[in-house]
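A.B. asks: Structure below; questions to follow.
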Amino acid sequence: MRVTVVGSGYVGLVTAACLAETGNDVVCADVDAAKVDRLRRAEIPIFEPGLEELVRENQAEGRLHFTTDVAEAIRHGKVVIIAVGTPHEQDGSADLSQVLAVAREIGRHLNEPKVVVTKSTVPVGTSERVREEIRKLTDHPFSMCSNPEFLKQGEAVNDFMKPDRVVVGVASDDARDLMLELYSPYVRTGNPILFMDIPSAELTKYAANAMLAARISFMNQVADLCDRVGADVLEVRRGMAADRRIGGAFLFPGPGYGGSCFPKDVKALVATARQAGMTPELFEAIETVNARQKGLLLRRTLAALGENLAACAIGVWGLAFKAGTDDMRESPATPLIEGLLAAGASVRAHDPKAEHNARRIFGDRVAFVGDPYDAIDGADALVILTEWLPYRTPDFDRMRQLMRRPVIIDGRNLYDPARMLGYGFEYSGIGRGRA
Ligand SMILES: NC(=O)c1ccc[n+]([C@@H]2O[C@H](COP(=O)([O-])OP(=O)(O)OC[C@H]3O[C@@H](n4cnc5c(N)ncnc54)[C@H](O)[C@@H]3O)[C@@H](O)[C@H]2O)c1
């Protein structure tokens, strides 16, 4: 099938590459000329396992093309997928300017009947607004479709190729048939394509992300209580997870969720609910708890070393908002490090993938090291932010020798508190019963 993807960010690029992989003839358009140049050379601007190979192979096979000519790209596809950004406005609502700009481009360049798909995460009613924008500019018939994307950064290719489900909001049979044809290769093991009305598809994405974020905030509050009453959150989690109605996924406390999706999508859900006349107390609490959680590791560090860190060196392991990605958008590492610097500390940080993004934020205010042990040489504390695999079983004796003070504040509960005590560390995890 001839497919156009507008936007070559996380979602657009993965979508374009994975659709090309199953034989579609895909054109991916972006207004960022430098990005398109790099993509043509199969240089991937983000770290995402498996993506570079897919992009290289499918370009070489002639099934995947990158262009800055959005008009030409729109003329190409029978299906035109909108996958541009939807950042949040000051009031939390989604900024739809990129999506509506693409809608107008589609309206100007529609040359045959097409199915227009909103894949960007957009509030209820946006597909209708996109339809209206296009309709103002063309007489060609077209169908709208909402197809929110559920991929996880770090596992994006796998998630697209083997989705738990595909959600498709449609209002016409031709759109339904085309989407069924497009997605059938990815659901051969029986996972469902869930067809529904367009508003329900749009809301499903927000509800799903808010539920995942809620589980994290819920466990962060349970962990807080564990610390206060001497319980171990990992035991509590085990007991909860054995209940099949609850399950074990997304029940890990940590330094607060980040990334480009959960924070903005929960805010946008709150804004949508308010606009609809609701008082969304529960949705709001998800973000309130998360904002507080993002300050926890700094509070712990100050409690361990004192408010003035002028003479202190702090090692930080992990900068990305989660393992498997180089993305630092809304990462809890940013407020932590800003807080440490404001308290006078010198900070040495390690991350296997996110250093280039961290340099953009901190410049030379932070020393970046290529070896995690260099981050703790002479350090007064180590703070662990990201659950990267190489941090899981380090050489504790070597760490103990390198550090000036043996303080470890572990935002990911990577280690066993009793063993850490045995190694001579002052160790605190999240919710491990620290008074
Ligand atoms: N990142 C994720 O993990 C994820 C997962 C699911 C859904 N989403 C949603 O998908 C959407 C895209 O997210 P992303 O992370 O890929 O965004 P992104 O910011 O990484 O990429 C957006 C791209 O669109 C391009 N663009 C902007 N305006 C354009 C225009 N008029 N024409 C052509 N290109 C244009 C930008 O140059 C950029 O390359 C968002 O709505 C997001 O919420 C993201």
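Residues in the structure tokens are numbered from 1 in each chain, the chains being A, B, ... in the order shown, and ligands are numbered from 1 in the order shown.
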Hey, which residues come within 8 Å of ligand 1 if we count only C-alpha atoms and all ligand atoms? Could you give them as number ranges by chain?
C.D. replies: A: 6-13, 29-32, 35, 68, 70, 83-87, 98-99, 101-102, 105, 119-122, 148-153, 156, 259-261, 264-265
A.B. asks: I need the residues in stretch 219-410 of chain A that are helix (DSSP H, G or I) according to DSSP; give them as number ranges by chain.
C.D. replies: A: 219-229, 233-241, 262-275, 281-293, 296-305, 333-342, 355-365, 372-375, 389-391, 396-402
A.B. asks: Based on the backbone DSSP call, show me all residues of stretch 194-401 of chain A assigned strand (DSSP E or B), as a JSON list (two decimals) with all heavy atoms, in the first residue's frame.
C.D. replies:
[["chain", "number", "residue", "atom", "x", "y", "z"],
["A", 194, "LEU", "N", -8.85, -3.29, 17.53],
["A", 194, "LEU", "CA", -10.10, -2.89, 18.17],
["A", 194, "LEU", "C", -10.69, -1.70, 17.42],
["A", 194, "LEU", "O", -10.18, -0.57, 17.55],
["A", 194, "LEU", "CB", -9.84, -2.53, 19.63],
["A", 194, "LEU", "CG", -9.20, -3.64, 20.48],
["A", 194, "LEU", "CD1", -8.78, -3.10, 21.85],
["A", 194, "LEU", "CD2", -10.17, -4.81, 20.65],
["A", 195, "PHE", "N", -11.70, -1.96, 16.62],
["A", 195, "PHE", "CA", -12.38, -0.87, 15.93],
["A", 195, "PHE", "C", -13.42, -0.26, 16.86],
["A", 195, "PHE", "O", -14.10, -0.98, 17.58],
["A", 195, "PHE", "CB", -13.04, -1.37, 14.64],
["A", 195, "PHE", "CG", -12.04, -1.68, 13.57],
["A", 195, "PHE", "CD1", -11.66, -2.99, 13.31],
["A", 195, "PHE", "CD2", -11.45, -0.66, 12.83],
["A", 195, "PHE", "CE1", -10.72, -3.28, 12.33],
["A", 195, "PHE", "CE2", -10.51, -0.94, 11.84],
["A", 195, "PHE", "CZ", -10.15, -2.26, 11.60],
["A", 196, "MET", "N", -13.50, 1.06, 16.83],
["A", 196, "MET", "CA", -14.48, 1.76, 17.68],
["A", 196, "MET", "C", -14.77, 3.11, 17.04],
["A", 196, "MET", "O", -14.22, 3.44, 15.98],
["A", 196, "MET", "CB", -13.93, 1.91, 19.10],
["A", 196, "MET", "CG", -12.60, 2.63, 19.20],
["A", 196, "MET", "SD", -11.93, 2.67, 20.89],
["A", 196, "MET", "CE", -11.29, 1.01, 21.11],
["A", 313, "ALA", "N", 31.06, 16.31, 46.45],
["A", 313, "ALA", "CA", 31.01, 15.80, 45.08],
["A", 313, "ALA", "C", 29.95, 14.70, 45.04],
["A", 313, "ALA", "O", 29.96, 13.79, 45.87],
["A", 313, "ALA", "CB", 32.37, 15.23, 44.69],
["A", 314, "ILE", "N", 29.04, 14.81, 44.10],
["A", 314, "ILE", "CA", 27.95, 13.83, 44.01],
["A", 314, "ILE", "C", 28.06, 13.11, 42.67],
["A", 314, "ILE", "O", 28.17, 13.75, 41.60],
["A", 314, "ILE", "CB", 26.56, 14.50, 44.08],
["A", 314, "ILE", "CG1", 26.47, 15.49, 45.24],
["A", 314, "ILE", "CG2", 25.46, 13.44, 44.16],
["A", 314, "ILE", "CD1", 26.42, 14.91, 46.62],
["A", 315, "GLY", "N", 28.04, 11.79, 42.73],
["A", 315, "GLY", "CA", 27.99, 10.99, 41.50],
["A", 315, "GLY", "C", 26.54, 10.69, 41.15],
["A", 315, "GLY", "O", 25.73, 10.41, 42.04],
["A", 316, "VAL", "N", 26.21, 10.77, 39.87],
["A", 316, "VAL", "CA", 24.86, 10.44, 39.42],
["A", 316, "VAL", "C", 24.95, 9.35, 38.36],
["A", 316, "VAL", "O", 25.69, 9.49, 37.39],
["A", 316, "VAL", "CB", 24.15, 11.70, 38.84],
["A", 316, "VAL", "CG1", 22.81, 11.33, 38.22],
["A", 316, "VAL", "CG2", 23.95, 12.76, 39.92],
["A", 317, "TRP", "N", 24.23, 8.26, 38.60],
["A", 317, "TRP", "CA", 24.17, 7.19, 37.59],
["A", 317, "TRP", "C", 22.80, 7.23, 36.92],
["A", 317, "TRP", "O", 21.78, 7.01, 37.56],
["A", 317, "TRP", "CB", 24.37, 5.82, 38.25],
["A", 317, "TRP", "CG", 25.80, 5.50, 38.56],
["A", 317, "TRP", "CD1", 26.89, 6.30, 38.39],
["A", 317, "TRP", "CD2", 26.30, 4.27, 39.12],
["A", 317, "TRP", "NE1", 28.03, 5.66, 38.80],
["A", 317, "TRP", "CE2", 27.70, 4.41, 39.25],
["A", 317, "TRP", "CE3", 25.70, 3.07, 39.52],
["A", 317, "TRP", "CZ2", 28.51, 3.40, 39.77],
["A", 317, "TRP", "CZ3", 26.49, 2.06, 40.04],
["A", 317, "TRP", "CH2", 27.89, 2.22, 40.15],
["A", 346, "SER", "N", 29.42, 19.71, 43.42],
["A", 346, "SER", "CA", 29.92, 19.42, 42.07],
["A", 346, "SER", "C", 29.35, 18.05, 41.69],
["A", 346, "SER", "O", 29.24, 17.14, 42.52],
["A", 346, "SER", "CB", 31.45, 19.42, 42.03],
["A", 346, "SER", "OG", 31.95, 18.42, 42.89],
["A", 347, "VAL", "N", 28.93, 17.93, 40.43],
["A", 347, "VAL", "CA", 28.21, 16.74, 39.99],
["A", 347, "VAL", "C", 28.98, 16.06, 38.86],
["A", 347, "VAL", "O", 29.38, 16.71, 37.89],
["A", 347, "VAL", "CB", 26.78, 17.11, 39.50],
["A", 347, "VAL", "CG1", 26.06, 15.89, 38.95],
["A", 347, "VAL", "CG2", 25.97, 17.74, 40.64],
["A", 348, "ARG", "N", 29.19, 14.75, 39.05],
["A", 348, "ARG", "CA", 29.77, 13.94, 37.97],
["A", 348, "ARG", "C", 28.74, 12.89, 37.58],
["A", 348, "ARG", "O", 28.24, 12.15, 38.44],
["A", 348, "ARG", "CB", 31.06, 13.26, 38.44],
["A", 348, "ARG", "CG", 32.29, 13.81, 37.70],
["A", 348, "ARG", "CD", 33.56, 13.25, 38.26],
["A", 348, "ARG", "NE", 33.73, 13.65, 39.65],
["A", 348, "ARG", "CZ", 34.35, 12.91, 40.56],
["A", 348, "ARG", "NH1", 34.85, 11.72, 40.25],
["A", 348, "ARG", "NH2", 34.48, 13.35, 41.80],
["A", 349, "ALA", "N", 28.41, 12.83, 36.29],
["A", 349, "ALA", "CA", 27.28, 12.00, 35.88],
["A", 349, "ALA", "C", 27.67, 11.02, 34.78],
["A", 349, "ALA", "O", 28.52, 11.32, 33.93],
["A", 349, "ALA", "CB", 26.14, 12.89, 35.39],
["A", 350, "HIS", "N", 27.02, 9.86, 34.83],
["A", 350, "HIS", "CA", 27.22, 8.85, 33.79],
["A", 350, "HIS", "C", 25.87, 8.40, 33.26],
["A", 350, "HIS", "O", 24.92, 8.22, 34.02],
["A", 350, "HIS", "CB", 27.95, 7.62, 34.36],
["A", 350, "HIS", "CG", 28.04, 6.49, 33.39],
["A", 350, "HIS", "ND1", 27.07, 5.50, 33.30],
["A", 350, "HIS", "CD2", 28.95, 6.23, 32.42],
["A", 350, "HIS", "CE1", 27.42, 4.66, 32.33],
["A", 350, "HIS", "NE2", 28.54, 5.08, 31.78],
["A", 367, "ALA", "N", 30.13, 17.44, 35.11],
["A", 367, "ALA", "CA", 31.21, 16.68, 34.45],
["A", 367, "ALA", "C", 30.61, 15.34, 34.01],
["A", 367, "ALA", "O", 30.04, 14.61, 34.82],
["A", 367, "ALA", "CB", 32.36, 16.45, 35.43],
["A", 368, "PHE", "N", 30.71, 15.03, 32.72],
["A", 368, "PHE", "CA", 30.18, 13.77, 32.21],
["A", 368, "PHE", "C", 31.33, 12.78, 32.06],
["A", 368, "PHE", "O", 32.39, 13.14, 31.54],
["A", 368, "PHE", "CB", 29.47, 13.99, 30.88],
["A", 368, "PHE", "CG", 28.26, 14.87, 31.02],
["A", 368, "PHE", "CD1", 28.31, 16.21, 30.67],
["A", 368, "PHE", "CD2", 27.07, 14.37, 31.54],
["A", 368, "PHE", "CE1", 27.21, 17.03, 30.82],
["A", 368, "PHE", "CE2", 25.95, 15.18, 31.70],
["A", 368, "PHE", "CZ", 26.03, 16.51, 31.33],
["A", 381, "ALA", "N", 28.44, 11.05, 47.76],
["A", 381, "ALA", "CA", 27.20, 10.27, 47.62],
["A", 381, "ALA", "C", 27.04, 9.86, 46.16],
["A", 381, "ALA", "O", 27.54, 10.54, 45.25],
["A", 381, "ALA", "CB", 25.98, 11.08, 48.05],
["A", 382, "LEU", "N", 26.36, 8.74, 45.98],
["A", 382, "LEU", "CA", 25.94, 8.31, 44.64],
["A", 382, "LEU", "C", 24.42, 8.32, 44.61],
["A", 382, "LEU", "O", 23.77, 7.75, 45.51],
["A", 382, "LEU", "CB", 26.44, 6.88, 44.36],
["A", 382, "LEU", "CG", 25.77, 6.16, 43.18],
["A", 382, "LEU", "CD1", 26.07, 6.86, 41.86],
["A", 382, "LEU", "CD2", 26.21, 4.69, 43.11],
["A", 383, "VAL", "N", 23.85, 8.97, 43.59],
["A", 383, "VAL", "CA", 22.40, 8.94, 43.42],
["A", 383, "VAL", "C", 22.10, 8.19, 42.12],
["A", 383, "VAL", "O", 22.66, 8.53, 41.06],
["A", 383, "VAL", "CB", 21.80, 10.36, 43.35],
["A", 383, "VAL", "CG1", 20.27, 10.29, 43.35],
["A", 383, "VAL", "CG2", 22.28, 11.21, 44.52],
["A", 384, "ILE", "N", 21.24, 7.17, 42.20],
["A", 384, "ILE", "CA", 20.92, 6.37, 41.02],
["A", 384, "ILE", "C", 19.54, 6.76, 40.49],
["A", 384, "ILE", "O", 18.54, 6.70, 41.21],
["A", 384, "ILE", "CB", 20.95, 4.86, 41.35],
["A", 384, "ILE", "CG1", 22.34, 4.48, 41.88],
["A", 384, "ILE", "CG2", 20.59, 4.04, 40.11],
["A", 384, "ILE", "CD1", 22.46, 3.04, 42.33]]
A.B. asks: May I have the residues within 12 Å of A:Thr288 as an MDAnalysis selection string, using only C-alpha atoms and disregarding those fewer than 4 positions away in the same chain?
C.D. replies: chainID A and resid 213:214 217:218 220:221 256:257 263 266:267 270 281:284 292:295
A.B. asks: Restricting the calculation to only C-alpha atoms, which member of A:Asp227, A:Asp232, A:Glu72, A:Asp326 is positioned closest to A:Val27?
C.D. replies: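 Once distances to A:Val27 are computed over only C-alpha atoms, the minimum belongs to A:Glu72.
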A.B. asks: Which residue gives the smallest distance to A:Asp91 among A:Val124, A:Val167, A:Ala271, A:Ala223, with only C-alpha atoms counted?
C.D. replies: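 The shortest atom-to-atom distance to A:Asp91 comes from A:Ala271.
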A.B. asks: Could you name the residues that touch A:Gly433 at 12 Å or less, counting only C-alpha atoms, but leaving out those on the same chain fewer than 3 positions away, as a list in words?
C.D. replies: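 In the requested format, the answer is Val222, Ala223, Asp224, Leu225, Cys226, Asp227, Arg228, Val229, Gly230, Ala231, Asp232, Val233, Leu234, Glu235, Val236, Asn413, Asp416, Pro417, Ala418, Tyr427, Ser428, Gly429 and Ile430 of chain A.
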A.B. asks: Store the residues of this selection in a file with N, CA, C and O atoms, as a compact mmCIF listing (two decimals), in the first residue's frame.
C.D. replies:
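Below is the file that was written, selection-v4.txt:
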# COMPACT_ATOMS: atom_id res chain seq x y z
N VAL A 222 2.61 4.43 48.19
CA VAL A 222 2.74 3.24 49.04
C VAL A 222 4.18 3.17 49.57
O VAL A 222 4.41 2.89 50.75
N ALA A 223 5.15 3.48 48.70
CA ALA A 223 6.56 3.43 49.11
C ALA A 223 6.85 4.46 50.20
O ALA A 223 7.58 4.17 51.16
N ASP A 224 6.27 5.63 50.07
CA ASP A 224 6.45 6.67 51.08
C ASP A 224 5.95 6.15 52.43
O ASP A 224 6.63 6.27 53.47
N LEU A 225 4.77 5.52 52.40
CA LEU A 225 4.21 4.99 53.64
C LEU A 225 5.10 3.85 54.18
O LEU A 225 5.33 3.76 55.39
N CYS A 226 5.61 3.01 53.29
CA CYS A 226 6.51 1.93 53.72
C CYS A 226 7.70 2.50 54.49
O CYS A 226 8.08 1.99 55.54
N ASP A 227 8.29 3.56 53.95
CA ASP A 227 9.44 4.17 54.61
C ASP A 227 9.09 4.69 55.99
O ASP A 227 9.88 4.64 56.92
N ARG A 228 7.86 5.19 56.11
CA ARG A 228 7.46 5.78 57.39
C ARG A 228 7.11 4.73 58.43
O ARG A 228 7.27 4.96 59.62
N VAL A 229 6.60 3.56 57.97
CA VAL A 229 6.12 2.58 58.96
C VAL A 229 7.01 1.33 59.03
O VAL A 229 6.71 0.40 59.77
N GLY A 230 8.09 1.32 58.25
CA GLY A 230 9.01 0.19 58.35
C GLY A 230 8.60 -1.03 57.54
O GLY A 230 8.98 -2.15 57.85
N ALA A 231 7.81 -0.85 56.47
CA ALA A 231 7.48 -1.97 55.58
C ALA A 231 8.37 -1.91 54.33
O ALA A 231 8.99 -0.88 54.06
N ASP A 232 8.43 -3.02 53.60
CA ASP A 232 9.26 -3.08 52.39
C ASP A 232 8.35 -3.10 51.17
O ASP A 232 7.59 -4.06 50.96
N VAL A 233 8.44 -2.09 50.35
CA VAL A 233 7.51 -1.95 49.21
C VAL A 233 7.63 -3.11 48.23
O VAL A 233 6.64 -3.47 47.58
N LEU A 234 8.79 -3.73 48.15
CA LEU A 234 8.91 -4.84 47.20
C LEU A 234 8.11 -6.06 47.68
O LEU A 234 7.55 -6.81 46.89
N GLU A 235 8.05 -6.22 49.00
CA GLU A 235 7.21 -7.30 49.55
C GLU A 235 5.74 -6.97 49.37
O GLU A 235 4.93 -7.82 48.98
N VAL A 236 5.39 -5.72 49.63
CA VAL A 236 4.00 -5.29 49.47
C VAL A 236 3.58 -5.49 48.01
O VAL A 236 2.49 -6.00 47.72
N ASN A 413 15.72 1.10 43.44
CA ASN A 413 15.73 -0.13 44.24
C ASN A 413 16.50 -1.26 43.55
O ASN A 413 16.02 -2.39 43.45
N ASP A 416 19.99 -4.80 47.40
CA ASP A 416 19.38 -5.30 48.63
C ASP A 416 19.92 -4.50 49.83
O ASP A 416 21.14 -4.46 50.06
N PRO A 417 19.03 -3.85 50.58
CA PRO A 417 19.50 -2.97 51.67
C PRO A 417 20.41 -3.69 52.67
O PRO A 417 21.42 -3.12 53.10
N ALA A 418 20.09 -4.93 53.03
CA ALA A 418 20.90 -5.64 54.04
C ALA A 418 22.31 -5.89 53.51
O ALA A 418 23.30 -5.70 54.23
N TYR A 427 22.80 3.16 52.83
CA TYR A 427 22.00 2.94 51.62
C TYR A 427 20.54 3.27 51.86
O TYR A 427 19.97 2.87 52.88
N SER A 428 19.93 4.01 50.95
CA SER A 428 18.48 4.14 51.03
C SER A 428 17.86 3.93 49.66
O SER A 428 18.31 4.51 48.66
N GLY A 429 16.87 3.06 49.63
CA GLY A 429 16.09 2.86 48.41
C GLY A 429 14.79 3.62 48.55
O GLY A 429 14.65 4.51 49.38
N ILE A 430 13.81 3.26 47.71
CA ILE A 430 12.50 3.93 47.76
C ILE A 430 11.52 2.95 48.38
O ILE A 430 11.18 1.92 47.79
A.B. asks: Taking only C-alpha atoms into account, which of A:Ala103, A:Ile408, A:Ala201, A:Leu389 comes nearest A:Ile376?
C.D. replies: A:Ile408
A.B. asks: Looking at A:Thr67, A:Thr15, A:Thr4, A:Asn147, which one is nearest to A:Ala33, with distances taken over only C-alpha atoms?
C.D. replies: A:Thr67
